Amino acid sequence: MEPPVTAMFQAVHPVLSSRDVTTAVRFYERLGFSLTFLDSPLDPKYAAVVREAVELHLQWQGESQPASLLDRPTYRFVVRDVDQLFAAFQGGGVVQEQASGPSPWLVPGDTPWGTREFHLRDPDGNGLQFYRPL
């Protein structure tokens with residue numbers, strides 16, 4: 001019999017708001033970061049840059065986005081088992097407290113960018129995104 005898989009935290013990747021992802025990527029490249037992911041070469045809305053063990057995600061935020069969401073940081077946590085962690089949060093009542101919001105990932109789902117993830121907000125409105133690569 002195999003031991004049960006545990007929902008072990010492995011890393012956190014901050015997601016920074018950007019009005020122009022291309023310009024932001026160039027800035028971070030000047031700081032020694034390398035581009036590891038870009039969702040579109042012509043009009044990117046999401047990118048990832050890395051330097052050594054530090055990975056930052058850059059996400060476009062338009063003028064029409066509510067200011068309260070723009071002012072809140074979002075943190076992406078790499079976890080071993082997204083569904084198990086979601087079930088644990090559900091069992092602890094965390095998931096039920098979440099109001100529906102702009103994220104379609106309030107329950108675990110596979111994304112077009114190659115991850116399985118779900119999103120929560122802390123009491124202050126900070127975004128918490130738990131994911132694993134597919």
# chains A, B, ... in the order shown; residues from 1 in each chain; ligands from 1
>>> residues_around(residues="A:Gln59", least_positions_apart="2", cutoff="7 Å", atoms="only C-alpha atoms", output="list in words")
Val15, Leu16, Ser17, Ser18, Val21, Lys45, Tyr46, Ala47, His57 and Gln61 of chain A
>>> closest_residue(among="A:Phe27, A:Trp105, A:Phe77, A:Phe33", to="A:Tyr131", atoms="only C-alpha atoms")
A:Phe77
>>> select_by_dssp(residues="stretch 12-60 of chain A", states="strand (DSSP E or B)", output="compact mmCIF listing (two decimals) with C-alpha atoms, in the first residue's frame")
# COMPACT_ATOMS: atom_id res chain seq x y z
CA VAL A 12 5.47 30.77 -4.40
CA HIS A 13 5.45 32.90 -7.59
CA PRO A 14 4.22 36.47 -7.17
CA VAL A 15 2.02 37.84 -9.98
CA LEU A 16 2.64 41.52 -10.65
CA SER A 17 0.14 43.72 -12.46
CA SER A 18 1.40 45.33 -15.66
CA SER A 34 15.14 35.46 -18.42
CA LEU A 35 11.79 35.05 -20.12
CA THR A 36 10.41 31.54 -19.55
CA PHE A 37 6.82 31.91 -20.76
CA LEU A 38 4.84 34.33 -22.89
CA TYR A 46 0.78 36.97 -19.28
CA ALA A 47 4.46 36.14 -18.94
CA ALA A 48 6.93 34.57 -16.53
CA VAL A 49 10.52 35.57 -15.89
CA VAL A 50 13.11 33.79 -13.77
CA ARG A 51 16.48 34.53 -12.23
CA VAL A 54 13.15 33.49 -8.23
CA GLU A 55 10.20 33.35 -10.61
CA LEU A 56 7.88 36.30 -11.19
CA HIS A 57 4.71 36.31 -13.24
CA LEU A 58 3.58 39.43 -15.08
CA GLN A 59 -0.10 39.87 -15.86
CA TRP A 60 -1.71 42.61 -17.92
>>> atom_distance(atom1="atom CA of A:Pro3", atom2="atom CA of A:Glu117")
23.6 Å
>>> atom_distance(atom1="atom CA of A:Met8", atom2="atom CA of A:Gln129")
14.5 Å
>>> closest_residue(among="A:Asp83, A:Arg76, A:Gly93, A:Gly109", to="A:Phe130", atoms="only C-alpha atoms")
A:Arg76
>>> atom_distance(atom1="atom CA of A:Ala24", atom2="atom CA of A:Asp122")
26.4 Å
>>> select_by_dssp(residues="chain A", states="alpha helix (DSSP H)", output="list in words")
Val21, Thr22, Thr23, Ala24, Val25, Arg26, Phe27, Tyr28, Glu29, Arg30, Ala67, Ser68, Leu69, Leu70, Val82, Asp83, Gln84, Leu85, Phe86, Ala87, Ala88, Phe89, Gln90 and Gly91 of chain A
>>> closest_residue(among="A:Gly125, A:Gly32, A:Gln10, A:Leu120", to="A:Phe86", atoms="only C-alpha atoms")
A:Leu120
>>> residues_around(residues="A:Val5", least_positions_apart="4", cutoff="10 Å", atoms="only C-alpha atoms", output="PDB file with C-alpha atoms, in the first residue's frame")
ATOM      1  CA  ARG A  80       1.966  18.835  -5.370  1.00  0.00           C
ATOM      2  CA  ASP A  81      -1.768  18.025  -5.422  1.00  0.00           C
ATOM      3  CA  GLN A  84      -6.253  17.453  -2.373  1.00  0.00           C
TER       4      GLN A  84
END
>>> closest_residue(among="A:Ala53, A:Thr6, A:Asp110, A:Arg26", to="A:Ala87", atoms="only C-alpha atoms")
A:Thr6
>>> closest_residue(among="A:Glu29, A:Val95, A:Val82, A:Arg132", to="A:Ala7", atoms="only C-alpha atoms")
A:Val82
